[in-house]
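Engineer: Here you go, this is work-v3.pdb (PDB, C-alpha atoms).
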ATOM      1  CA  MET A   1      14.978  -1.509  13.885
ATOM      2  CA  LYS A   2      18.638  -1.005  13.083
ATOM      3  CA  LEU A   3      19.941  -0.945   9.518
ATOM      4  CA  LYS A   4      21.916  -4.148  10.055
ATOM      5  CA  GLU A   5      18.816  -5.922  11.338
ATOM      6  CA  LEU A   6      16.802  -4.780   8.363
ATOM      7  CA  GLU A   7      19.527  -5.922   5.975
ATOM      8  CA  SER A   8      19.860  -9.363   7.486
ATOM      9  CA  CYS A   9      16.092  -9.663   7.482
ATOM     10  CA  LEU A  10      15.982  -8.851   3.765
ATOM     11  CA  GLN A  11      18.665 -11.445   3.103
ATOM     12  CA  GLN A  12      15.961 -14.030   3.794
ATOM     13  CA  VAL A  13      13.887 -12.874   0.833
ATOM     14  CA  ASP A  14      13.910 -15.418  -2.000
ATOM     15  CA  GLY A  15      15.028 -14.139  -5.380
ATOM     16  CA  PHE A  16      14.106 -15.160  -8.912
ATOM     17  CA  GLU A  17      14.539 -18.814  -9.809
ATOM     18  CA  GLU A  18      14.813 -18.136 -13.535
ATOM     19  CA  PRO A  19      15.180 -14.399 -14.079
ATOM     20  CA  LYS A  20      13.675 -13.166 -17.349
ATOM     21  CA  ILE A  21      16.345 -11.098 -19.042
ATOM     22  CA  LEU A  22      13.937  -9.086 -21.183
ATOM     23  CA  LEU A  23      12.106  -7.915 -18.079
ATOM     24  CA  GLU A  24      15.459  -6.974 -16.458
ATOM     25  CA  GLN A  25      14.688  -9.175 -13.495
ATOM     26  CA  TYR A  26      17.100  -9.217 -10.581
ATOM     27  CA  PRO A  27      16.462  -8.894  -6.867
ATOM     28  CA  THR A  28      17.386  -5.557  -5.309
ATOM     29  CA  SER A  29      20.307  -6.407  -3.030
ATOM     30  CA  PRO A  30      19.517  -6.490   0.692
ATOM     31  CA  HIS A  31      22.173  -3.831   1.249
ATOM     32  CA  ILE A  32      20.737  -1.336  -1.252
ATOM     33  CA  ALA A  33      17.148  -2.086  -0.272
ATOM     34  CA  GLY A  34      18.041  -1.791   3.394
ATOM     35  CA  CYS A  35      19.827   1.557   2.991
ATOM     36  CA  MET A  36      17.049   2.944   0.838
ATOM     37  CA  LEU A  37      14.189   1.878   3.107
ATOM     38  CA  TYR A  38      16.045   2.843   6.255
ATOM     39  CA  THR A  39      16.525   6.380   4.947
ATOM     40  CA  ILE A  40      12.928   6.668   3.745
ATOM     41  CA  HIS A  41      11.688   5.518   7.142
ATOM     42  CA  ASN A  42      14.034   7.280   9.544
ATOM     43  CA  THR A  43      14.780  10.520   7.738
ATOM     44  CA  PHE A  44      11.474  11.098   5.966
ATOM     45  CA  ASP A  45       8.942   8.998   7.897
ATOM     46  CA  ASP A  46       7.292   7.882   4.646
ATOM     47  CA  ILE A  47       6.724   4.205   5.431
ATOM     48  CA  GLN A  48       5.187   3.583   8.841
ATOM     49  CA  ASN A  49       1.383   3.746   8.690
ATOM     50  CA  LYS A  50       1.496   4.901   5.103
ATOM     51  CA  LEU A  51      -0.117   3.451   1.980
ATOM     52  CA  VAL A  52       2.882   2.419  -0.101
ATOM     53  CA  ALA A  53       3.127   1.227  -3.718
ATOM     54  CA  ASP A  54       6.048  -0.820  -5.084
ATOM     55  CA  LEU A  55       6.159  -0.568  -8.891
ATOM     56  CA  GLY A  56       7.863  -3.464 -10.661
ATOM     57  CA  CYS A  57       7.979  -5.266  -7.319
ATOM     58  CA  GLY A  58       9.377  -8.545  -8.676
ATOM     59  CA  CYS A  59      10.024 -10.920  -5.769
ATOM     60  CA  GLY A  60       9.106  -8.162  -3.348
ATOM     61  CA  VAL A  61      12.316  -7.169  -1.554
ATOM     62  CA  LEU A  62      11.270  -3.517  -1.221
ATOM     63  CA  SER A  63       7.679  -4.383  -0.283
ATOM     64  CA  ILE A  64       8.735  -6.886   2.356
ATOM     65  CA  GLY A  65      11.081  -4.277   3.805
ATOM     66  CA  ALA A  66       8.320  -1.664   3.847
ATOM     67  CA  ALA A  67       5.916  -4.106   5.501
ATOM     68  CA  VAL A  68       8.500  -5.038   8.126
ATOM     69  CA  LEU A  69       8.898  -1.312   8.842
ATOM     70  CA  ASP A  70       5.136  -1.190   9.527
ATOM     71  CA  ALA A  71       3.688   0.317   6.388
ATOM     72  CA  GLY A  72      -0.092   0.547   6.786
ATOM     73  CA  LEU A  73      -0.346  -1.442   3.560
ATOM     74  CA  CYS A  74       2.172  -2.029   0.782
ATOM     75  CA  VAL A  75       0.809  -2.934  -2.666
ATOM     76  CA  GLY A  76       3.197  -4.495  -5.178
ATOM     77  CA  PHE A  77       2.645  -4.147  -8.926
ATOM     78  CA  ASP A  78       4.335  -6.425 -11.483
ATOM     79  CA  ILE A  79       3.658  -7.786 -14.947
ATOM     80  CA  ASP A  80       5.132 -11.234 -14.328
ATOM     81  CA  GLU A  81       3.092 -14.011 -12.723
ATOM     82  CA  ASP A  82       6.153 -16.092 -11.842
ATOM     83  CA  ALA A  83       7.721 -13.180  -9.959
ATOM     84  CA  LEU A  84       4.483 -12.585  -8.077
ATOM     85  CA  ASP A  85       4.372 -16.288  -7.125
ATOM     86  CA  ILE A  86       7.784 -15.967  -5.520
ATOM     87  CA  PHE A  87       6.655 -12.725  -3.872
ATOM     88  CA  LYS A  88       3.654 -14.599  -2.438
ATOM     89  CA  GLY A  89       5.942 -17.287  -1.053
ATOM     90  CA  ASN A  90       8.073 -14.622   0.596
ATOM     91  CA  VAL A  91       5.029 -12.946   2.149
ATOM     92  CA  GLU A  92       3.981 -16.300   3.621
ATOM     93  CA  ASP A  93       7.474 -17.062   4.936
ATOM     94  CA  PHE A  94       7.614 -13.688   6.642
ATOM     95  CA  GLU A  95       4.010 -14.042   7.849
ATOM     96  CA  LEU A  96       3.126 -10.505   6.819
ATOM     97  CA  SER A  97      -0.488  -9.372   6.467
ATOM     98  CA  ASN A  98       0.078  -5.782   5.362
ATOM     99  CA  ILE A  99       0.937  -6.633   1.769
ATOM    100  CA  ASP A 100      -1.217  -6.918  -1.348
ATOM    101  CA  MET A 101      -0.322  -7.349  -5.016
ATOM    102  CA  VAL A 102      -1.688  -6.646  -8.490
ATOM    103  CA  GLN A 103      -0.575  -8.153 -11.799
ATOM    104  CA  CYS A 104      -0.567  -5.421 -14.428
ATOM    105  CA  ASP A 105       1.551  -3.451 -16.874
ATOM    106  CA  VAL A 106       2.855  -0.408 -14.997
ATOM    107  CA  CYS A 107       3.326   1.415 -18.310
ATOM    108  CA  SER A 108      -0.410   1.154 -19.038
ATOM    109  CA  ILE A 109      -1.705   2.244 -15.657
ATOM    110  CA  GLY A 110      -2.084   5.874 -16.662
ATOM    111  CA  SER A 111      -3.736   7.996 -14.033
ATOM    112  CA  SER A 112      -5.984   5.327 -12.503
ATOM    113  CA  TYR A 113      -4.361   5.599  -9.133
ATOM    114  CA  ALA A 114      -3.823   9.358  -9.135
ATOM    115  CA  LYS A 115      -2.536  10.417  -5.711
ATOM    116  CA  LYS A 116      -4.039   7.363  -4.027
ATOM    117  CA  PHE A 117      -0.781   6.298  -2.422
ATOM    118  CA  ASP A 118       1.212   8.214   0.191
ATOM    119  CA  THR A 119       4.536   6.866  -1.019
ATOM    120  CA  VAL A 120       5.840   5.026  -4.078
ATOM    121  CA  ILE A 121       9.059   3.011  -3.822
ATOM    122  CA  MET A 122      10.675   1.246  -6.742
ATOM    123  CA  ASN A 123      13.692  -0.200  -8.450
ATOM    124  CA  PRO A 124      12.395   0.123 -12.017
ATOM    125  CA  PRO A 125      13.772  -1.589 -15.140
ATOM    126  CA  PHE A 126      16.438   0.676 -16.612
ATOM    127  CA  GLY A 127      15.601   0.265 -20.268
ATOM    128  CA  THR A 128      18.648  -1.756 -21.297
ATOM    129  CA  LYS A 129      16.761  -4.486 -23.116
ATOM    130  CA  HIS A 130      15.069  -2.965 -26.194
ATOM    131  CA  ASN A 131      12.833  -1.001 -23.859
ATOM    132  CA  GLN A 132      14.591   2.330 -23.676
ATOM    133  CA  GLY A 133      12.691   4.995 -21.791
ATOM    134  CA  ILE A 134      10.858   2.527 -19.593
ATOM    135  CA  ASP A 135      12.454   3.952 -16.447
ATOM    136  CA  MET A 136      10.986   7.364 -17.290
ATOM    137  CA  GLN A 137       7.559   5.810 -17.855
ATOM    138  CA  PHE A 138       7.760   4.187 -14.448
ATOM    139  CA  LEU A 139       8.790   7.516 -12.969
ATOM    140  CA  GLN A 140       5.855   9.333 -14.578
ATOM    141  CA  THR A 141       3.401   6.749 -13.299
ATOM    142  CA  ALA A 142       4.956   6.850  -9.843
ATOM    143  CA  ILE A 143       4.696  10.625  -9.643
ATOM    144  CA  SER A 144       1.022  10.508 -10.601
ATOM    145  CA  MET A 145       0.280   7.792  -8.028
ATOM    146  CA  ALA A 146       2.026   9.350  -5.049
ATOM    147  CA  SER A 147       0.560  12.095  -2.924
ATOM    148  CA  THR A 148       3.703  12.637  -0.856
ATOM    149  CA  ALA A 149       6.876  11.106  -2.231
ATOM    150  CA  VAL A 150       8.514   8.832  -4.793
ATOM    151  CA  TYR A 151      11.740   6.973  -4.054
ATOM    152  CA  SER A 152      13.379   5.317  -6.987
ATOM    153  CA  LEU A 153      16.713   3.977  -8.179
ATOM    154  CA  HIS A 154      18.149   5.219 -11.458
ATOM    155  CA  LYS A 155      21.415   4.987 -13.313
ATOM    156  CA  THR A 156      23.529   8.101 -12.890
ATOM    157  CA  SER A 157      23.825   8.332 -16.668
ATOM    158  CA  THR A 158      20.081   9.049 -16.883
ATOM    159  CA  ARG A 159      20.167  11.842 -14.338
ATOM    160  CA  ASP A 160      19.545  14.606 -16.874
ATOM    161  CA  SER A 161      16.536  12.943 -18.472
ATOM    162  CA  SER A 162      15.107  12.194 -15.020
ATOM    163  CA  ASP A 163      15.420  15.843 -14.079
ATOM    164  CA  MET A 164      13.741  16.893 -17.320
ATOM    165  CA  THR A 165      10.908  14.430 -16.800
ATOM    166  CA  CYS A 166      10.340  15.840 -13.359
ATOM    167  CA  GLN A 167      10.418  19.473 -14.493
ATOM    168  CA  HIS A 168       7.806  18.667 -17.108
ATOM    169  CA  LEU A 169       5.675  16.843 -14.603
ATOM    170  CA  ILE A 170       5.843  19.646 -12.052
ATOM    171  CA  SER A 171       4.247  22.048 -14.503
ATOM    172  CA  SER A 172       1.706  19.564 -15.800
ATOM    173  CA  THR A 173       0.607  18.277 -12.422
ATOM    174  CA  LYS A 174       0.641  21.702 -10.762
ATOM    175  CA  ARG A 175       2.152  20.432  -7.557
ATOM    176  CA  SER A 176       2.754  23.282  -5.223
ATOM    177  CA  ARG A 177       5.450  21.506  -3.304
ATOM    178  CA  LEU A 178       7.696  19.142  -5.209
ATOM    179  CA  ILE A 179      11.223  18.867  -3.977
ATOM    180  CA  PHE A 180      13.678  16.669  -5.731
ATOM    181  CA  LYS A 181      17.270  15.942  -5.248
ATOM    182  CA  TRP A 182      19.734  13.204  -5.891
ATOM    183  CA  THR A 183      21.515  11.511  -3.066
ATOM    184  CA  SER A 184      24.496   9.434  -3.998
ATOM    185  CA  PHE A 185      25.637   6.405  -2.218
ATOM    186  CA  ASP A 186      28.795   4.697  -3.203
ATOM    187  CA  LEU A 187      27.107   1.440  -3.936
ATOM    188  CA  LEU A 188      28.032  -1.169  -6.429
ATOM    189  CA  GLN A 189      25.766  -3.976  -7.387
ATOM    190  CA  HIS A 190      26.805  -7.134  -9.092
ATOM    191  CA  LYS A 191      24.301  -8.580 -11.469
ATOM    192  CA  ARG A 192      24.698 -12.289 -11.597
ATOM    193  CA  GLN A 193      22.719 -14.098 -14.209
ATOM    194  CA  LYS A 194      23.312 -17.780 -14.642
ATOM    195  CA  GLY A 195      26.652 -17.540 -12.893
ATOM    196  CA  ASN A 196      28.152 -14.927 -15.205
ATOM    197  CA  LEU A 197      29.069 -11.510 -13.918
ATOM    198  CA  VAL A 198      27.100  -9.248 -16.234
ATOM    199  CA  ALA A 199      27.731  -5.671 -15.203
ATOM    200  CA  LEU A 200      28.823  -3.412 -12.387
ATOM    201  CA  GLN A 201      26.587  -0.397 -12.021
ATOM    202  CA  ASN A 202      26.691   2.686  -9.858
ATOM    203  CA  PHE A 203      23.315   3.590  -8.444
ATOM    204  CA  SER A 204      22.173   6.911  -7.142
ATOM    205  CA  TYR A 205      19.141   7.390  -5.044
ATOM    206  CA  ARG A 206      16.582   9.716  -6.374
ATOM    207  CA  LEU A 207      14.484  11.438  -3.792
ATOM    208  CA  LEU A 208      11.417  13.406  -4.676
TER
ATOM    209  CA  MET B   1      -6.824  -9.043  -3.001
ATOM    210  CA  LYS B   2      -7.912  -6.721  -0.239
ATOM    211  CA  LEU B   3     -10.815  -4.361  -0.644
ATOM    212  CA  LEU B   4      -8.625  -1.297  -0.178
ATOM    213  CA  THR B   5      -6.841  -2.385  -3.360
ATOM    214  CA  HIS B   6     -10.113  -3.285  -5.131
ATOM    215  CA  ASN B   7     -11.377   0.208  -4.406
ATOM    216  CA  MET B   8      -8.663   1.596  -6.695
ATOM    217  CA  LEU B   9      -8.912  -0.878  -9.598
ATOM    218  CA  THR B  10     -10.599   0.079 -12.878
ATOM    219  CA  SER B  11     -11.084  -1.593 -16.221
ATOM    220  CA  HIS B  12      -9.176  -0.106 -19.150
ATOM    221  CA  VAL B  13     -10.787  -2.133 -21.912
ATOM    222  CA  LYS B  14     -10.871  -0.101 -25.141
ATOM    223  CA  GLY B  15     -13.927   2.063 -25.457
ATOM    224  CA  VAL B  16     -14.993   1.690 -21.855
ATOM    225  CA  THR B  17     -15.813   5.025 -20.256
ATOM    226  CA  LYS B  18     -16.591   3.861 -16.752
ATOM    227  CA  GLY B  19     -15.044   0.536 -15.879
ATOM    228  CA  TYR B  20     -15.655   1.057 -12.157
ATOM    229  CA  PRO B  21     -16.316  -0.432  -9.739
ATOM    230  CA  LEU B  22     -15.285  -3.883 -10.876
ATOM    231  CA  ILE B  23     -17.909  -6.455  -9.913
ATOM    232  CA  ILE B  24     -16.451  -9.047  -7.553
ATOM    233  CA  LYS B  25     -17.313 -12.687  -8.194
ATOM    234  CA  ALA B  26     -15.506 -14.583  -5.466
ATOM    235  CA  THR B  27     -15.221 -18.346  -5.124
ATOM    236  CA  GLU B  28     -12.809 -18.239  -2.179
ATOM    237  CA  VAL B  29     -12.556 -15.550   0.480
ATOM    238  CA  LYS B  30     -10.345 -15.484   3.578
ATOM    239  CA  VAL B  31     -10.081 -13.239   6.585
ATOM    240  CA  ASN B  32      -6.485 -12.499   7.563
ATOM    241  CA  GLU B  33      -5.860 -10.677  10.821
ATOM    242  CA  LEU B  34      -3.954  -7.413  10.667
ATOM    243  CA  GLU B  35      -3.139  -5.150  13.585
ATOM    244  CA  PHE B  36      -5.640  -2.332  13.904
ATOM    245  CA  ASN B  37      -4.346   1.204  13.515
ATOM    246  CA  ALA B  38      -7.038   3.860  13.940
ATOM    247  CA  GLN B  39      -4.939   6.635  12.446
ATOM    248  CA  PHE B  40      -4.213   4.712   9.257
ATOM    249  CA  VAL B  41      -7.843   3.681   8.709
ATOM    250  CA  SER B  42      -9.015   7.201   9.412
ATOM    251  CA  ARG B  43      -6.626   8.607   6.826
ATOM    252  CA  MET B  44      -7.613   6.082   4.185
ATOM    253  CA  ILE B  45     -11.349   6.802   4.403
ATOM    254  CA  PRO B  46     -11.280  10.126   2.470
ATOM    255  CA  LYS B  47      -9.326   8.396  -0.336
ATOM    256  CA  LEU B  48     -12.035   5.793  -0.814
ATOM    257  CA  GLU B  49     -15.024   5.666  -3.106
ATOM    258  CA  TRP B  50     -17.290   4.841  -0.194
ATOM    259  CA  SER B  51     -20.242   3.507  -2.203
ATOM    260  CA  ALA B  52     -17.915   1.194  -4.132
ATOM    261  CA  LEU B  53     -16.604  -0.159  -0.830
ATOM    262  CA  ILE B  54     -20.128  -0.838   0.445
ATOM    263  CA  GLN B  55     -20.979  -2.614  -2.815
ATOM    264  CA  ALA B  56     -17.826  -4.698  -2.626
ATOM    265  CA  ALA B  57     -18.669  -5.683   0.944
ATOM    266  CA  GLU B  58     -22.157  -6.699  -0.172
ATOM    267  CA  TRP B  59     -20.809  -8.838  -3.020
ATOM    268  CA  LEU B  60     -18.734 -10.695  -0.452
ATOM    269  CA  GLY B  61     -21.575 -10.984   2.039
ATOM    270  CA  GLN B  62     -19.582  -8.920   4.510
ATOM    271  CA  SER B  63     -21.721  -5.781   4.820
ATOM    272  CA  GLN B  64     -22.100  -6.115   8.606
ATOM    273  CA  ASP B  65     -24.035  -2.923   9.118
ATOM    274  CA  LEU B  66     -21.578  -0.556   7.494
ATOM    275  CA  PRO B  67     -23.485   2.659   6.777
ATOM    276  CA  SER B  68     -24.274   3.427   3.144
ATOM    277  CA  ALA B  69     -22.960   6.964   3.641
ATOM    278  CA  LEU B  70     -20.100   8.156   5.791
ATOM    279  CA  ILE B  71     -21.033   9.312   9.263
ATOM    280  CA  PRO B  72     -19.698  12.689  10.383
ATOM    281  CA  ASP B  73     -16.936  12.612  13.009
ATOM    282  CA  TYR B  74     -15.977   9.048  12.031
ATOM    283  CA  GLU B  75     -12.373   9.736  13.106
ATOM    284  CA  ASN B  76     -13.409   9.412  16.737
ATOM    285  CA  ASP B  77     -15.689   6.418  16.399
ATOM    286  CA  GLU B  78     -13.451   3.452  17.183
ATOM    287  CA  GLU B  79     -16.156   0.868  16.676
ATOM    288  CA  PHE B  80     -16.814   2.221  13.212
ATOM    289  CA  LEU B  81     -13.110   2.389  12.390
ATOM    290  CA  ARG B  82     -12.621  -1.218  13.466
ATOM    291  CA  LYS B  83     -15.422  -2.312  11.120
ATOM    292  CA  VAL B  84     -13.821  -0.380   8.284
ATOM    293  CA  HIS B  85     -10.396  -1.839   9.154
ATOM    294  CA  ARG B  86     -11.780  -5.346   8.882
ATOM    295  CA  ILE B  87     -13.467  -4.849   5.544
ATOM    296  CA  LEU B  88     -10.633  -2.838   3.978
ATOM    297  CA  LEU B  89      -7.625  -4.796   5.161
ATOM    298  CA  GLU B  90      -8.575  -8.180   6.606
ATOM    299  CA  VAL B  91     -11.086  -9.618   4.142
ATOM    300  CA  GLU B  92      -9.256 -11.031   1.121
ATOM    301  CA  VAL B  93     -10.506 -12.495  -2.158
ATOM    302  CA  ILE B  94      -8.303 -15.501  -2.942
ATOM    303  CA  GLU B  95     -10.034 -16.951  -6.010
ATOM    304  CA  GLY B  96     -12.629 -15.559  -8.356
ATOM    305  CA  CYS B  97     -12.766 -12.747 -10.847
ATOM    306  CA  LEU B  98     -13.459  -9.058 -11.321
ATOM    307  CA  GLN B  99     -15.934  -8.102 -14.011
ATOM    308  CA  CYS B 100     -15.910  -4.839 -15.912
ATOM    309  CA  PRO B 101     -19.397  -3.358 -15.389
ATOM    310  CA  GLU B 102     -19.462  -1.926 -18.887
ATOM    311  CA  SER B 103     -17.784  -4.461 -21.198
ATOM    312  CA  GLY B 104     -18.352  -7.609 -19.164
ATOM    313  CA  ARG B 105     -14.695  -8.544 -19.518
ATOM    314  CA  GLU B 106     -13.518 -10.712 -16.639
ATOM    315  CA  PHE B 107     -10.180 -10.269 -14.889
ATOM    316  CA  PRO B 108      -9.225 -13.430 -13.006
ATOM    317  CA  ILE B 109      -8.122 -13.449  -9.366
ATOM    318  CA  SER B 110      -5.825 -16.338  -8.612
ATOM    319  CA  LYS B 111      -3.994 -17.018  -5.329
ATOM    320  CA  GLY B 112      -5.121 -13.614  -4.112
ATOM    321  CA  VAL B 113      -3.695 -11.705  -7.084
ATOM    322  CA  PRO B 114      -5.949  -9.946  -9.611
ATOM    323  CA  ASN B 115      -4.620 -10.093 -13.183
ATOM    324  CA  MET B 116      -5.404  -6.786 -14.873
ATOM    325  CA  LEU B 117      -3.389  -7.471 -18.024
ATOM    326  CA  LEU B 118      -5.258  -6.852 -21.268
ATOM    327  CA  ASN B 119      -4.701  -8.799 -24.480
ATOM    328  CA  GLU B 120      -3.580  -7.016 -27.611
ATOM    329  CA  GLY B 121      -6.411  -5.106 -29.163
ATOM    330  CA  GLU B 122      -8.499  -4.902 -26.031
TER
END
Using structure tokens, write down the structure that the file contains.

Structural biologist:
Amino acid sequence: MKLKELESCLQQVDGFEEPKILLEQYPTSPHIAGCMLYTIHNTFDDIQNKLVADLGCGCGVLSIGAAVLDAGLCVGFDIDEDALDIFKGNVEDFELSNIDMVQCDVCSIGSSYAKKFDTVIMNPPFGTKHNQGIDMQFLQTAISMASTAVYSLHKTSTRDSSDMTCQHLISSTKRSRLIFKWTSFDLLQHKRQKGNLVALQNFSYRLL
Amino acid sequence: MKLLTHNMLTSHVKGVTKGYPLIIKATEVKVNELEFNAQFVSRMIPKLEWSALIQAAEWLGQSQDLPSALIPDYENDEEFLRKVHRILLEVEVIEGCLQCPESGREFPISKGVPNMLLNEGE
């Protein structure tokens, strides 16, 4: 599947009807999701026939993309029932069977799923709404859940704390092979909430 | 909720030491076809708690002569892999609940989604 096809496919995914600001809800744009998933699939082969987790899946843009790229199974995790309802609707519209979902608090998962998943993909909340540090919690959980790789979006301003989190986790999890690097894309995302342009943010991809 | 997912879920109620496996009480179950991939199923098997999977299948009345212990050389047994594929990925619990075997706390499953959220203090 070509990148353009994937992007136009993801444009069909329904977003939030009434995004909850405190949960930092917004749909990952089809362009960013497409680029991210396309790279993960074509460069790293971490989607097809793999067990994939999507943390903070929301309406499921990343999961739908992973399923369309033939993940063995993609499991979405989110705290919000309304988001998961929309996700369900999307799964039905796309007629996908290789998706499952769990309602839970990603920050309380701990090590329940230690290394159960091949790959974790996510666009985590950034911690801008009285929840500072939440992106690092998501990252910690993701690293414990994944046996092969974690792909996540983070603000460039948090790059140093991400690197520190990873260094700490390398020594505590005793992974023999943990490669991480940042890949930048010149991407801008508009966050539109109730018709008002809220913020322009630069995203960098974080590849583990 | 598919059984591959159920196989990973545990109860985190305060004080519980072994909230696994969660007992499945299903009121609605569906079977949703999914393309069979021998390699994927084969790779998932070592990640599973096999006895928990067999129990889950029994609770759903879907045991269908799955062995209680893993057979050696299962990677090359397509018939076996197809049975595992069906139980892991095609059978879905739509409505019901999951019960913590230790505390008895019930986690509802609604529209195929298990709700593992705990209330404050739990």

Engineer: Enumerate as JSON, numbers by chain the residues belonging to chain A that approach chain B to within 6 Å, with all atoms listed in the file taken into account.

Structural biologist: {"A": [49, 97, 101, 102, 103, 104]}

Engineer: How would you write, as a PDB file with C-alpha atoms, keeping the file's coordinate frame, the residues chosen by the PyMOL selection byres ((chain A and resi 22) around 10) on this structure?

Structural biologist:
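The new file selection-v1.pdb reads:
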ATOM      1  CA  PRO A  19      15.180 -14.399 -14.079  1.00  0.00           C
ATOM      2  CA  LYS A  20      13.675 -13.166 -17.349  1.00  0.00           C
ATOM      3  CA  ILE A  21      16.345 -11.098 -19.042  1.00  0.00           C
ATOM      4  CA  LEU A  23      12.106  -7.915 -18.079  1.00  0.00           C
ATOM      5  CA  GLU A  24      15.459  -6.974 -16.458  1.00  0.00           C
ATOM      6  CA  GLN A  25      14.688  -9.175 -13.495  1.00  0.00           C
ATOM      7  CA  PRO A 125      13.772  -1.589 -15.140  1.00  0.00           C
ATOM      8  CA  GLY A 127      15.601   0.265 -20.268  1.00  0.00           C
ATOM      9  CA  THR A 128      18.648  -1.756 -21.297  1.00  0.00           C
ATOM     10  CA  LYS A 129      16.761  -4.486 -23.116  1.00  0.00           C
ATOM     11  CA  HIS A 130      15.069  -2.965 -26.194  1.00  0.00           C
ATOM     12  CA  ASN A 131      12.833  -1.001 -23.859  1.00  0.00           C
TER      13      ASN A 131
END

Engineer: Calculated over only C-alpha atoms, which of the candidates A:Leu55, A:Ala71, A:Ala66, A:Ala142 has the smallest distance to Asp105 in chain A?

Structural biologist: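 Closest candidate: A:Leu55.
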
Engineer: Identify which of the residues A:Ile79, A:Ile47, A:Met1, A:Ile32 lies closest to Val61 in chain A, counting only C-alpha atoms when measuring atom-to-atom distances.

Structural biologist: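 The shortest atom-to-atom distance to Val61 in chain A comes from A:Ile32.
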
Engineer: Translate the PyMOL selection byres ((chain B and resi 28) around 12) into a concrete residue list for this structure, as an MDAnalysis selection string.

Structural biologist: chainID B and resid 1 24:27 29:31 60 91:97 109:112

Engineer: Rank nothing, just name the residue among B:Asn7, B:Arg86, B:Val13, B:Ala56 nearest to Glu102 in chain B, using only C-alpha atoms.

Structural biologist: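 Residue with the minimum atom-to-atom distance to Glu102 in chain B: B:Val13.
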
Engineer: Separation of CA of Lys2 in chain A and CA of Gly65 in chain A, in Å?

Structural biologist: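 According to the coordinates, CA of Lys2 in chain A and CA of Gly65 in chain A are separated by 12.4 Å.
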
Engineer: For Pro30 in chain A, which residue out of A:Ile143, A:Val52, A:Val13, A:Cys57 is the nearest one, using all atoms listed in the file?

Structural biologist: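 Between A:Ile143, A:Val52, A:Val13, A:Cys57, the residue approaching Pro30 in chain A most closely is A:Val13.
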